[in-house]
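> So here's protein_6.cif (mmCIF, C-alpha atoms and all ligand atoms).
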data_query
#
loop_
_atom_site.group_PDB
_atom_site.id
_atom_site.type_symbol
_atom_site.label_atom_id
_atom_site.label_comp_id
_atom_site.auth_asym_id
_atom_site.auth_seq_id
_atom_site.Cartn_x
_atom_site.Cartn_y
_atom_site.Cartn_z
ATOM 1 C CA GLN H 1 226.418 112.728 262.062
ATOM 2 C CA PHE H 2 226.927 114.385 265.455
ATOM 3 C CA GLU H 3 223.824 115.078 267.527
ATOM 4 C CA THR H 4 225.313 116.068 270.851
ATOM 5 C CA VAL H 5 227.863 118.861 270.854
ATOM 6 C CA GLY H 6 229.930 120.016 273.825
ATOM 7 C CA PHE H 7 231.116 123.638 273.799
ATOM 8 C CA ILE H 8 233.829 124.973 276.115
ATOM 9 C CA GLY H 9 234.810 128.661 276.223
ATOM 10 C CA LEU H 10 231.746 130.872 275.840
ATOM 11 C CA GLY H 11 233.338 134.329 275.625
ATOM 12 C CA ASN H 12 232.947 136.990 272.948
ATOM 13 C CA MET H 13 233.282 134.411 270.167
ATOM 14 C CA GLY H 14 232.229 131.107 271.740
ATOM 15 C CA PHE H 15 228.965 132.483 273.119
ATOM 16 C CA ARG H 16 227.820 133.495 269.647
ATOM 17 C CA MET H 17 229.111 130.329 267.946
ATOM 18 C CA ALA H 18 227.314 128.131 270.496
ATOM 19 C CA ASN H 19 224.111 130.095 269.909
ATOM 20 C CA ASN H 20 224.311 129.393 266.185
ATOM 21 C CA LEU H 21 224.723 125.661 266.879
ATOM 22 C CA LEU H 22 221.586 125.799 269.023
ATOM 23 C CA LYS H 23 219.706 127.562 266.219
ATOM 24 C CA ALA H 24 220.856 124.815 263.819
ATOM 25 C CA GLY H 25 219.225 122.227 266.116
ATOM 26 C CA TYR H 26 222.258 120.627 267.800
ATOM 27 C CA LYS H 27 221.873 119.406 271.397
ATOM 28 C CA LEU H 28 224.423 121.407 273.317
ATOM 29 C CA THR H 29 226.226 120.890 276.653
ATOM 30 C CA VAL H 30 228.478 123.741 277.775
ATOM 31 C CA HIS H 31 231.215 124.681 280.234
ATOM 32 C CA ASP H 32 233.025 127.916 281.062
ATOM 33 C CA VAL H 33 234.906 129.023 284.180
ATOM 34 C CA ASN H 34 232.820 132.214 284.145
ATOM 35 C CA VAL H 35 229.728 131.495 286.270
ATOM 36 C CA ASN H 36 227.763 134.420 284.766
ATOM 37 C CA VAL H 37 228.009 132.953 281.305
ATOM 38 C CA MET H 38 227.047 129.498 282.612
ATOM 39 C CA LYS H 39 223.926 131.057 284.124
ATOM 40 C CA MET H 40 222.969 132.601 280.773
ATOM 41 C CA PHE H 41 223.012 129.119 279.206
ATOM 42 C CA SER H 42 221.187 127.402 282.075
ATOM 43 C CA ASP H 43 218.518 130.138 281.779
ATOM 44 C CA MET H 44 218.153 129.048 278.122
ATOM 45 C CA GLU H 45 217.760 125.435 279.398
ATOM 46 C CA VAL H 46 221.087 124.344 277.928
ATOM 47 C CA PRO H 47 222.809 121.785 280.224
ATOM 48 C CA THR H 48 225.912 123.245 281.909
ATOM 49 C CA LYS H 49 228.751 121.164 283.388
ATOM 50 C CA GLU H 50 231.357 121.868 286.043
ATOM 51 C CA THR H 51 234.357 120.393 284.167
ATOM 52 C CA PRO H 52 235.536 119.646 280.599
ATOM 53 C CA LEU H 53 235.494 115.915 281.488
ATOM 54 C CA GLU H 54 231.763 116.074 282.269
ATOM 55 C CA VAL H 55 231.175 117.812 278.916
ATOM 56 C CA ALA H 56 233.106 114.998 277.165
ATOM 57 C CA GLU H 57 230.967 112.377 278.910
ATOM 58 C CA ALA H 58 227.812 113.980 277.431
ATOM 59 C CA SER H 59 229.005 114.727 273.864
ATOM 60 C CA ASP H 60 229.771 113.060 270.510
ATOM 61 C CA VAL H 61 231.910 116.035 269.508
ATOM 62 C CA VAL H 62 233.475 118.816 271.586
ATOM 63 C CA ILE H 63 234.412 122.305 270.372
ATOM 64 C CA THR H 64 236.730 124.582 272.370
ATOM 65 C CA MET H 65 237.090 128.363 271.965
ATOM 66 C CA LEU H 66 239.607 129.491 274.585
ATOM 67 C CA PRO H 67 241.924 132.502 274.958
ATOM 68 C CA SER H 68 245.371 130.931 274.567
ATOM 69 C CA SER H 69 247.583 127.824 274.481
ATOM 70 C CA SER H 70 247.816 127.420 278.275
ATOM 71 C CA HIS H 71 244.003 127.380 278.585
ATOM 72 C CA VAL H 72 243.796 124.803 275.773
ATOM 73 C CA LEU H 73 246.386 122.544 277.443
ATOM 74 C CA ASP H 74 244.516 122.847 280.726
ATOM 75 C CA VAL H 75 241.101 122.031 279.215
ATOM 76 C CA TYR H 76 242.407 119.028 277.225
ATOM 77 C CA THR H 77 245.191 117.524 279.321
ATOM 78 C CA GLY H 78 244.718 119.034 282.815
ATOM 79 C CA PRO H 79 242.980 117.356 285.767
ATOM 80 C CA ASN H 80 239.315 116.784 284.810
ATOM 81 C CA GLY H 81 240.299 117.702 281.247
ATOM 82 C CA LEU H 82 238.654 116.349 278.092
ATOM 83 C CA LEU H 83 241.273 113.602 277.662
ATOM 84 C CA GLN H 84 241.260 112.484 281.303
ATOM 85 C CA GLY H 85 241.300 108.691 281.546
ATOM 86 C CA ASN H 86 242.256 108.195 277.857
ATOM 87 C CA PHE H 87 238.873 106.531 277.269
ATOM 88 C CA LEU H 88 236.616 108.954 275.396
ATOM 89 C CA ARG H 89 233.035 109.284 274.280
ATOM 90 C CA PRO H 90 233.627 112.150 271.771
ATOM 91 C CA ARG H 91 234.787 110.887 268.388
ATOM 92 C CA LEU H 92 235.851 114.342 267.320
ATOM 93 C CA LEU H 93 237.543 117.228 269.152
ATOM 94 C CA ILE H 94 237.724 120.640 267.486
ATOM 95 C CA ASP H 95 239.846 123.455 268.878
ATOM 96 C CA SER H 96 238.915 126.828 267.373
ATOM 97 C CA SER H 97 241.132 128.908 269.689
ATOM 98 C CA THR H 98 243.999 130.860 268.117
ATOM 99 C CA ILE H 99 247.089 129.151 269.551
ATOM 100 C CA ASP H 100 250.601 128.165 268.494
ATOM 101 C CA PRO H 101 250.864 125.278 266.005
ATOM 102 C CA GLN H 102 253.148 123.299 268.347
ATOM 103 C CA THR H 103 250.423 123.159 271.013
ATOM 104 C CA SER H 104 247.808 122.204 268.387
ATOM 105 C CA ARG H 105 249.999 119.261 267.358
ATOM 106 C CA LYS H 106 250.755 118.304 270.960
ATOM 107 C CA VAL H 107 247.067 118.160 271.930
ATOM 108 C CA ALA H 108 246.169 116.264 268.727
ATOM 109 C CA ALA H 109 248.898 113.715 269.541
ATOM 110 C CA ALA H 110 247.522 113.333 273.094
ATOM 111 C CA ALA H 111 244.022 112.764 271.648
ATOM 112 C CA SER H 112 245.348 110.132 269.246
ATOM 113 C CA ASN H 113 246.741 108.204 272.237
ATOM 114 C CA CYS H 114 243.186 107.820 273.589
ATOM 115 C CA VAL H 115 240.668 105.125 272.663
ATOM 116 C CA LEU H 116 236.954 105.451 271.977
ATOM 117 C CA LYS H 117 234.322 104.062 274.331
ATOM 118 C CA GLU H 118 232.243 103.140 271.288
ATOM 119 C CA THR H 119 233.637 102.876 267.742
ATOM 120 C CA LYS H 120 231.523 104.143 264.850
ATOM 121 C CA ASP H 121 232.237 105.129 261.217
ATOM 122 C CA SER H 122 235.401 102.974 261.344
ATOM 123 C CA TRP H 123 237.109 105.496 263.635
ATOM 124 C CA GLU H 124 239.156 103.607 266.214
ATOM 125 C CA LYS H 125 240.476 106.708 267.910
ATOM 126 C CA PRO H 126 239.156 110.171 268.633
ATOM 127 C CA LEU H 127 240.210 112.581 265.890
ATOM 128 C CA MET H 128 241.215 116.160 266.494
ATOM 129 C CA LEU H 129 241.132 119.264 264.301
ATOM 130 C CA ASP H 130 242.716 122.663 264.840
ATOM 131 C CA ALA H 131 240.087 124.992 263.342
ATOM 132 C CA PRO H 132 240.699 128.631 264.231
ATOM 133 C CA VAL H 133 238.367 131.247 262.808
ATOM 134 C CA SER H 134 238.470 134.649 261.196
ATOM 135 C CA GLY H 135 235.772 137.301 261.000
ATOM 136 C CA GLY H 136 235.465 138.739 264.508
ATOM 137 C CA VAL H 137 232.431 138.912 266.786
ATOM 138 C CA GLY H 138 230.173 140.301 264.028
ATOM 139 C CA ALA H 139 230.800 137.223 261.877
ATOM 140 C CA ALA H 140 230.465 134.938 264.921
ATOM 141 C CA GLU H 141 227.041 136.508 265.575
ATOM 142 C CA ALA H 142 225.932 136.354 261.930
ATOM 143 C CA GLY H 143 227.265 132.809 261.402
ATOM 144 C CA THR H 144 229.618 133.942 258.645
ATOM 145 C CA LEU H 145 233.002 132.959 260.108
ATOM 146 C CA THR H 146 235.824 131.484 258.030
ATOM 147 C CA PHE H 147 237.286 128.235 259.444
ATOM 148 C CA MET H 148 240.881 127.257 258.587
ATOM 149 C CA VAL H 149 241.329 123.620 259.420
ATOM 150 C CA GLY H 150 244.249 121.271 260.101
ATOM 151 C CA GLY H 151 244.040 117.520 260.829
ATOM 152 C CA SER H 152 242.727 114.424 259.044
ATOM 153 C CA ALA H 153 240.686 114.935 255.870
ATOM 154 C CA ASP H 154 238.043 112.443 257.138
ATOM 155 C CA ALA H 155 237.575 114.432 260.331
ATOM 156 C CA TYR H 156 237.322 117.641 258.293
ATOM 157 C CA LEU H 157 234.535 116.208 256.109
ATOM 158 C CA ALA H 158 232.668 114.959 259.188
ATOM 159 C CA ALA H 159 232.981 118.355 260.867
ATOM 160 C CA LYS H 160 231.945 120.441 257.852
ATOM 161 C CA PRO H 161 228.206 120.627 258.701
ATOM 162 C CA LEU H 162 229.150 121.955 262.154
ATOM 163 C CA PHE H 163 231.457 124.582 260.639
ATOM 164 C CA LEU H 164 228.743 125.630 258.181
ATOM 165 C CA SER H 165 226.311 126.147 261.084
ATOM 166 C CA MET H 166 228.721 128.750 262.496
ATOM 167 C CA GLY H 167 230.415 130.047 259.359
ATOM 168 C CA LYS H 168 230.175 130.362 255.608
ATOM 169 C CA ASN H 169 233.711 129.420 254.541
ATOM 170 C CA THR H 170 235.704 126.357 255.521
ATOM 171 C CA ILE H 171 239.180 125.734 254.158
ATOM 172 C CA PHE H 172 241.170 122.548 254.684
ATOM 173 C CA CYS H 173 244.823 123.532 255.152
ATOM 174 C CA GLY H 174 246.528 120.136 255.638
ATOM 175 C CA GLU H 175 247.888 118.097 258.513
ATOM 176 C CA SER H 176 247.511 118.853 262.208
ATOM 177 C CA GLY H 177 248.745 122.340 263.144
ATOM 178 C CA THR H 178 248.289 123.884 259.683
ATOM 179 C CA GLY H 179 245.014 125.585 260.658
ATOM 180 C CA SER H 180 246.890 127.353 263.471
ATOM 181 C CA VAL H 181 249.771 128.304 261.129
ATOM 182 C CA THR H 182 247.284 129.805 258.655
ATOM 183 C CA LYS H 183 245.499 131.763 261.381
ATOM 184 C CA LEU H 184 248.758 133.293 262.664
ATOM 185 C CA CYS H 185 249.648 134.376 259.106
ATOM 186 C CA ASN H 186 246.172 135.914 258.646
ATOM 187 C CA ASN H 187 246.413 137.837 261.906
ATOM 188 C CA LEU H 188 249.932 139.078 261.180
ATOM 189 C CA ALA H 189 248.660 140.560 257.901
ATOM 190 C CA MET H 190 245.532 141.944 259.594
ATOM 191 C CA ALA H 191 247.492 143.548 262.464
ATOM 192 C CA VAL H 192 249.754 145.361 260.002
ATOM 193 C CA SER H 193 246.786 146.652 257.977
ATOM 194 C CA MET H 194 244.916 147.734 261.144
ATOM 195 C CA LEU H 195 247.978 149.647 262.354
ATOM 196 C CA GLY H 196 248.382 151.315 258.947
ATOM 197 C CA VAL H 197 244.704 152.319 258.715
ATOM 198 C CA SER H 198 244.690 153.596 262.331
ATOM 199 C CA GLU H 199 247.843 155.685 261.876
ATOM 200 C CA ALA H 200 246.614 157.118 258.562
ATOM 201 C CA LEU H 201 243.208 158.031 260.034
ATOM 202 C CA VAL H 202 244.844 159.758 263.020
ATOM 203 C CA LEU H 203 247.248 161.683 260.755
ATOM 204 C CA GLY H 204 244.455 162.728 258.370
ATOM 205 C CA GLN H 205 242.177 163.919 261.189
ATOM 206 C CA SER H 206 245.006 165.891 262.807
ATOM 207 C CA LEU H 207 245.494 167.624 259.438
ATOM 208 C CA GLY H 208 241.812 168.548 259.246
ATOM 209 C CA ILE H 209 240.069 165.792 257.250
ATOM 210 C CA ALA H 210 237.143 163.895 258.828
ATOM 211 C CA ALA H 211 237.572 160.156 259.433
ATOM 212 C CA CYS H 212 234.377 159.484 257.385
ATOM 213 C CA THR H 213 235.809 161.308 254.364
ATOM 214 C CA LEU H 214 239.153 159.546 254.672
ATOM 215 C CA THR H 215 237.385 156.180 254.971
ATOM 216 C CA LYS H 216 235.271 156.816 251.845
ATOM 217 C CA ILE H 217 238.469 157.511 249.910
ATOM 218 C CA PHE H 218 240.315 154.475 251.351
ATOM 219 C CA ASN H 219 237.391 152.184 250.520
ATOM 220 C CA SER H 220 237.441 153.157 246.859
ATOM 221 C CA SER H 221 241.241 153.318 246.664
ATOM 222 C CA SER H 222 244.303 151.144 247.179
ATOM 223 C CA ALA H 223 244.149 151.451 251.008
ATOM 224 C CA ARG H 224 240.876 149.476 251.159
ATOM 225 C CA CYS H 225 241.033 146.478 253.535
ATOM 226 C CA TRP H 226 238.977 144.758 256.263
ATOM 227 C CA SER H 227 240.244 147.291 258.813
ATOM 228 C CA SER H 228 238.909 150.191 256.720
ATOM 229 C CA ASP H 229 235.661 148.744 255.315
ATOM 230 C CA SER H 230 234.460 146.216 257.926
ATOM 231 C CA TYR H 231 236.064 147.005 261.302
ATOM 232 C CA ASN H 232 236.843 150.707 261.081
ATOM 233 C CA PRO H 233 238.846 151.796 264.154
ATOM 234 C CA VAL H 234 237.409 155.351 264.493
ATOM 235 C CA PRO H 235 234.210 155.786 266.551
ATOM 236 C CA GLY H 236 231.183 156.865 264.529
ATOM 237 C CA VAL H 237 232.443 155.904 261.065
ATOM 238 C CA MET H 238 230.604 152.557 261.003
ATOM 239 C CA GLU H 239 227.654 151.117 262.927
ATOM 240 C CA GLY H 240 227.935 147.852 264.853
ATOM 241 C CA VAL H 241 231.731 147.687 265.236
ATOM 242 C CA PRO H 242 233.652 147.826 268.559
ATOM 243 C CA SER H 243 234.980 151.385 267.929
ATOM 244 C CA SER H 244 231.384 152.643 267.853
ATOM 245 C CA ARG H 245 230.541 151.061 271.224
ATOM 246 C CA ASN H 246 233.494 152.438 273.180
ATOM 247 C CA TYR H 247 235.763 149.595 271.974
ATOM 248 C CA THR H 248 233.816 146.894 273.863
ATOM 249 C CA GLY H 249 232.890 143.364 272.769
ATOM 250 C CA GLY H 250 235.533 142.989 270.081
ATOM 251 C CA PHE H 251 238.930 141.390 269.614
ATOM 252 C CA ALA H 252 240.925 142.294 272.742
ATOM 253 C CA THR H 253 244.301 143.991 272.168
ATOM 254 C CA LYS H 254 245.931 141.445 274.472
ATOM 255 C CA LEU H 255 244.674 138.626 272.213
ATOM 256 C CA MET H 256 246.200 140.337 269.154
ATOM 257 C CA ALA H 257 249.483 140.844 271.061
ATOM 258 C CA LYS H 258 249.376 137.098 271.873
ATOM 259 C CA ASP H 259 248.920 136.231 268.179
ATOM 260 C CA LEU H 260 251.784 138.494 267.056
ATOM 261 C CA ASN H 261 254.091 136.959 269.661
ATOM 262 C CA LEU H 262 253.078 133.495 268.402
ATOM 263 C CA ALA H 263 253.832 134.553 264.809
ATOM 264 C CA VAL H 264 257.282 135.847 265.835
ATOM 265 C CA ALA H 265 258.007 132.677 267.863
ATOM 266 C CA SER H 266 256.876 130.461 264.949
ATOM 267 C CA GLY H 267 259.080 132.460 262.563
ATOM 268 C CA LYS H 268 262.041 131.753 264.826
ATOM 269 C CA GLY H 269 261.216 128.039 264.712
ATOM 270 C CA GLY H 270 258.974 127.762 267.780
HETATM 271 P P1 LIG H 301 237.185 135.690 275.455
HETATM 272 O O1 LIG H 301 238.266 135.970 276.452
HETATM 273 O O2 LIG H 301 236.067 136.644 275.259
HETATM 274 O O3 LIG H 301 236.535 134.234 275.781
HETATM 275 C C1 LIG H 301 237.241 133.134 276.280
HETATM 276 C C2 LIG H 301 236.315 132.342 277.197
HETATM 277 O O4 LIG H 301 237.036 131.199 277.670
HETATM 278 C C3 LIG H 301 235.877 133.132 278.436
HETATM 279 O O5 LIG H 301 234.465 133.051 278.586
HETATM 280 C C4 LIG H 301 236.608 132.453 279.587
HETATM 281 O O6 LIG H 301 235.899 132.483 280.804
HETATM 282 C C5 LIG H 301 236.716 131.033 279.046
HETATM 283 N N1 LIG H 301 237.784 130.252 279.685
HETATM 284 C C6 LIG H 301 239.056 130.630 279.971
HETATM 285 N N2 LIG H 301 239.729 129.614 280.541
HETATM 286 C C7 LIG H 301 238.868 128.575 280.634
HETATM 287 C C8 LIG H 301 238.983 127.263 281.139
HETATM 288 N N3 LIG H 301 240.129 126.794 281.658
HETATM 289 N N4 LIG H 301 237.903 126.454 281.065
HETATM 290 C C9 LIG H 301 236.731 126.909 280.535
HETATM 291 N N5 LIG H 301 236.569 128.159 280.045
HETATM 292 C C10 LIG H 301 237.626 128.975 280.088
HETATM 293 O O7 LIG H 301 237.959 135.429 274.082
HETATM 294 P P2 LIG H 301 237.334 135.492 272.588
HETATM 295 O O8 LIG H 301 237.425 136.883 272.086
HETATM 296 O O9 LIG H 301 236.047 134.746 272.568
HETATM 297 O O10 LIG H 301 238.466 134.657 271.814
HETATM 298 C C11 LIG H 301 238.602 133.237 271.949
HETATM 299 C C12 LIG H 301 239.672 132.760 270.974
HETATM 300 O O11 LIG H 301 239.277 133.125 269.649
HETATM 301 C C13 LIG H 301 241.058 133.414 271.208
HETATM 302 O O12 LIG H 301 242.046 132.447 270.958
HETATM 303 C C14 LIG H 301 241.094 134.526 270.171
HETATM 304 O O13 LIG H 301 242.435 134.847 269.802
HETATM 305 C C15 LIG H 301 240.293 133.911 269.038
HETATM 306 N N6 LIG H 301 239.593 134.865 268.146
HETATM 307 C C16 LIG H 301 238.944 135.954 268.662
HETATM 308 C C17 LIG H 301 238.305 136.832 267.782
HETATM 309 C C18 LIG H 301 237.574 138.049 268.291
HETATM 310 O O14 LIG H 301 237.261 138.924 267.460
HETATM 311 N N7 LIG H 301 237.272 138.167 269.591
HETATM 312 C C19 LIG H 301 238.310 136.587 266.395
HETATM 313 C C20 LIG H 301 238.941 135.436 265.929
HETATM 314 C C21 LIG H 301 239.584 134.572 266.811
#
Written as structure tokens, how would this file's structure read?

Amino acid sequence: QFETVGFIGLGNMGFRMANNLLKAGYKLTVHDVNVNVMKMFSDMEVPTKETPLEVAEASDVVITMLPSSSHVLDVYTGPNGLLQGNFLRPRLLIDSSTIDPQTSRKVAAAASNCVLKETKDSWEKPLMLDAPVSGGVGAAEAGTLTFMVGGSADAYLAAKPLFLSMGKNTIFCGESGTGSVTKLCNNLAMAVSMLGVSEALVLGQSLGIAACTLTKIFNSSSARCWSSDSYNPVPGVMEGVPSSRNYTGGFATKLMAKDLNLAVASGKGG
């Protein structure tokens, strides 16, 4: 349904997700404020643009994968943002960043105040989905992410082939903002389990048991979780995870701190 895809935010996650869209045969146009990453795409002969607005002008659908709410607001509603001029080519906008549900709803409302340059599939207005992901950089690379999606059911069905080019699970959560709510709940649970596994592995090692031995026990016992069996925090226990490459190229601690603050703020009612 969508041939031309715009992608904005090509960092640890977005870079790999965009690559999987290319492999699936979509025609991509990209933008990032990081000139080095833009060069990597222009070297692959993928068109790069200077602003989100220029990406919108070249795309039927635009996906964003940005660090936090302020970046999302800037890219959608700022000067030269995707919604500039309220007269849009993209019929669908998908934000996969992990942000607060209030901002997801605010941006979706701003999109619904725009009109389409060309109507198709009986859509009068651009539709927007909040579609954050879980799985980390390994899953982004392998195309096995899980998408949790909020917005209109029609938009979700239209977007599903795109999600399945970058992931293997897609779950529709409900109205706008519910994808972001779900993601904050997931990351709250994951942060607690990562802290527990990390503390237990440090305690065990300080009492003379190797991290590999402890991990083998955890993974066949009640402590087993993603943090022990897929993203082990101790260097050398697992191949291909950030801890085994000096903690580079993973999920930055400041992004997790952002998500926990968002969970606390949402728990207090925004
Ligand atoms: P990242 O910092 O590696 O990448 C973000 C990219 O956005 C960078 O390339 C940056 O230059 C670009 N950017 C920032 N502001 C911009 C702007 N105004 N216009 C255009 N580009 C801009 O972050 P990441 O690890 O890829 O994470 C992205 C989002 O995905 C975050 O919300 C994060 O919480 C979430 N997430 C990350 C992981 C992970 O394991 N890294 C897993 C799941 C979800």
> Please identify the residues whose atoms come within 9 Å of ligand LIG 301 (chain H), using only C-alpha atoms and all ligand atoms, and report them as number ranges by chain.
H: 8-16, 31-35, 37, 51-52, 64-75, 96-99, 132-140, 145, 183, 187, 249-252, 254-256, 258-259
> Please, which residues are within 12 Å of (259.9, 132.1, 265.0) by the file's coordinates, counting all atoms listed in the file, and could they come as a PDB file with C-alpha atoms, in the coordinates of the input?

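The resulting file, selection-v8.pdb, is shown below:
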ATOM      1  CA  ASP H 100     250.601 128.165 268.494  1.00  0.00           C
ATOM      2  CA  PRO H 101     250.864 125.278 266.005  1.00  0.00           C
ATOM      3  CA  GLN H 102     253.148 123.299 268.347  1.00  0.00           C
ATOM      4  CA  VAL H 181     249.771 128.304 261.129  1.00  0.00           C
ATOM      5  CA  LEU H 184     248.758 133.293 262.664  1.00  0.00           C
ATOM      6  CA  LEU H 260     251.784 138.494 267.056  1.00  0.00           C
ATOM      7  CA  ASN H 261     254.091 136.959 269.661  1.00  0.00           C
ATOM      8  CA  LEU H 262     253.078 133.495 268.402  1.00  0.00           C
ATOM      9  CA  ALA H 263     253.832 134.553 264.809  1.00  0.00           C
ATOM     10  CA  VAL H 264     257.282 135.847 265.835  1.00  0.00           C
ATOM     11  CA  ALA H 265     258.007 132.677 267.863  1.00  0.00           C
ATOM     12  CA  SER H 266     256.876 130.461 264.949  1.00  0.00           C
ATOM     13  CA  GLY H 267     259.080 132.460 262.563  1.00  0.00           C
ATOM     14  CA  LYS H 268     262.041 131.753 264.826  1.00  0.00           C
ATOM     15  CA  GLY H 269     261.216 128.039 264.712  1.00  0.00           C
ATOM     16  CA  GLY H 270     258.974 127.762 267.780  1.00  0.00           C
TER      17      GLY H 270
END
> If we count all atoms listed in the file, what is near H:Lys117 at a cut-off of 8 Å, once residues fewer than 4 positions away on the same chain are taken out, given as a list in words?
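Using all atoms listed in the file, the neighbours found are Phe87, Leu88 and Arg89 of chain H.
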> Looking at H:Pro242, H:Gly150, H:Gly179, H:Gly85, which one is nearest to H:Ser227, with distances taken over all atoms listed in the file?
H:Pro242
> Please evaluate the PyMOL selection byres (((chain H and resi 5) around 10) and not hetatm) against the structure above and give the resulting residues as a PyMOL selection string.
chain H and resi 2-4+6-7+18+21-22+26-30+55-56+58-63+90+92-93+162
> Once the PyMOL selection byres (((chain H and resi 160) around 12) and not hetatm) has been evaluated on this model, what residues remain selected, and can you format them as a VMD selection string?
chain H and resid 1 to 2 92 94 129 131 146 to 149 153 to 159 161 to 172
> Export, as a PDB file, in the coordinates of the input, the selected residues with C-alpha atoms.

ATOM      1  CA  GLN H   1     226.418 112.728 262.062  1.00  0.00           C
ATOM      2  CA  PHE H   2     226.927 114.385 265.455  1.00  0.00           C
ATOM      3  CA  LEU H  92     235.851 114.342 267.320  1.00  0.00           C
ATOM      4  CA  ILE H  94     237.724 120.640 267.486  1.00  0.00           C
ATOM      5  CA  LEU H 129     241.132 119.264 264.301  1.00  0.00           C
ATOM      6  CA  ALA H 131     240.087 124.992 263.342  1.00  0.00           C
ATOM      7  CA  THR H 146     235.824 131.484 258.030  1.00  0.00           C
ATOM      8  CA  PHE H 147     237.286 128.235 259.444  1.00  0.00           C
ATOM      9  CA  MET H 148     240.881 127.257 258.587  1.00  0.00           C
ATOM     10  CA  VAL H 149     241.329 123.620 259.420  1.00  0.00           C
ATOM     11  CA  ALA H 153     240.686 114.935 255.870  1.00  0.00           C
ATOM     12  CA  ASP H 154     238.043 112.443 257.138  1.00  0.00           C
ATOM     13  CA  ALA H 155     237.575 114.432 260.331  1.00  0.00           C
ATOM     14  CA  TYR H 156     237.322 117.641 258.293  1.00  0.00           C
ATOM     15  CA  LEU H 157     234.535 116.208 256.109  1.00  0.00           C
ATOM     16  CA  ALA H 158     232.668 114.959 259.188  1.00  0.00           C
ATOM     17  CA  ALA H 159     232.981 118.355 260.867  1.00  0.00           C
ATOM     18  CA  PRO H 161     228.206 120.627 258.701  1.00  0.00           C
ATOM     19  CA  LEU H 162     229.150 121.955 262.154  1.00  0.00           C
ATOM     20  CA  PHE H 163     231.457 124.582 260.639  1.00  0.00           C
ATOM     21  CA  LEU H 164     228.743 125.630 258.181  1.00  0.00           C
ATOM     22  CA  SER H 165     226.311 126.147 261.084  1.00  0.00           C
ATOM     23  CA  MET H 166     228.721 128.750 262.496  1.00  0.00           C
ATOM     24  CA  GLY H 167     230.415 130.047 259.359  1.00  0.00           C
ATOM     25  CA  LYS H 168     230.175 130.362 255.608  1.00  0.00           C
ATOM     26  CA  ASN H 169     233.711 129.420 254.541  1.00  0.00           C
ATOM     27  CA  THR H 170     235.704 126.357 255.521  1.00  0.00           C
ATOM     28  CA  ILE H 171     239.180 125.734 254.158  1.00  0.00           C
ATOM     29  CA  PHE H 172     241.170 122.548 254.684  1.00  0.00           C
TER      30      PHE H 172
END
> Which is closest to H:Asp229 among H:Gly174, H:Phe41, H:Ser112, H:Val241, if we use all atoms listed in the file?
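Ranking H:Gly174, H:Phe41, H:Ser112, H:Val241 by distance to H:Asp229, first place goes to H:Val241.
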> Work out how far atom CA of H:Thr182 is from atom CA of H:Leu116, in Å to one decimal.
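It comes out at 29.6 Å.
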> Give the answer as one residue: which of H:Lys39, H:Arg245, H:Arg224, H:Lys106 has the shortest atom-to-atom distance to H:Ser193, using all atoms listed in the file?
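Answer, going by the shortest atom-to-atom distance: H:Arg224.
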> Separation of atom CA of H:Gly177 and atom CA of H:Ser104, in Å?
5.3 Å
> Is it possible to get the residues within 7 Å of (240.3, 106.2, 268.6) (coordinates as in the file, counting all atoms listed in the file) written as an MDAnalysis selection string?
chainID H and resid 112 114:116 123:127
> Tell me which of H:Cys185, H:Gly196, H:Thr144, H:Tyr76 sits closest to H:Ala111, counting all atoms listed in the file.
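Answer, going by the shortest atom-to-atom distance: H:Tyr76.
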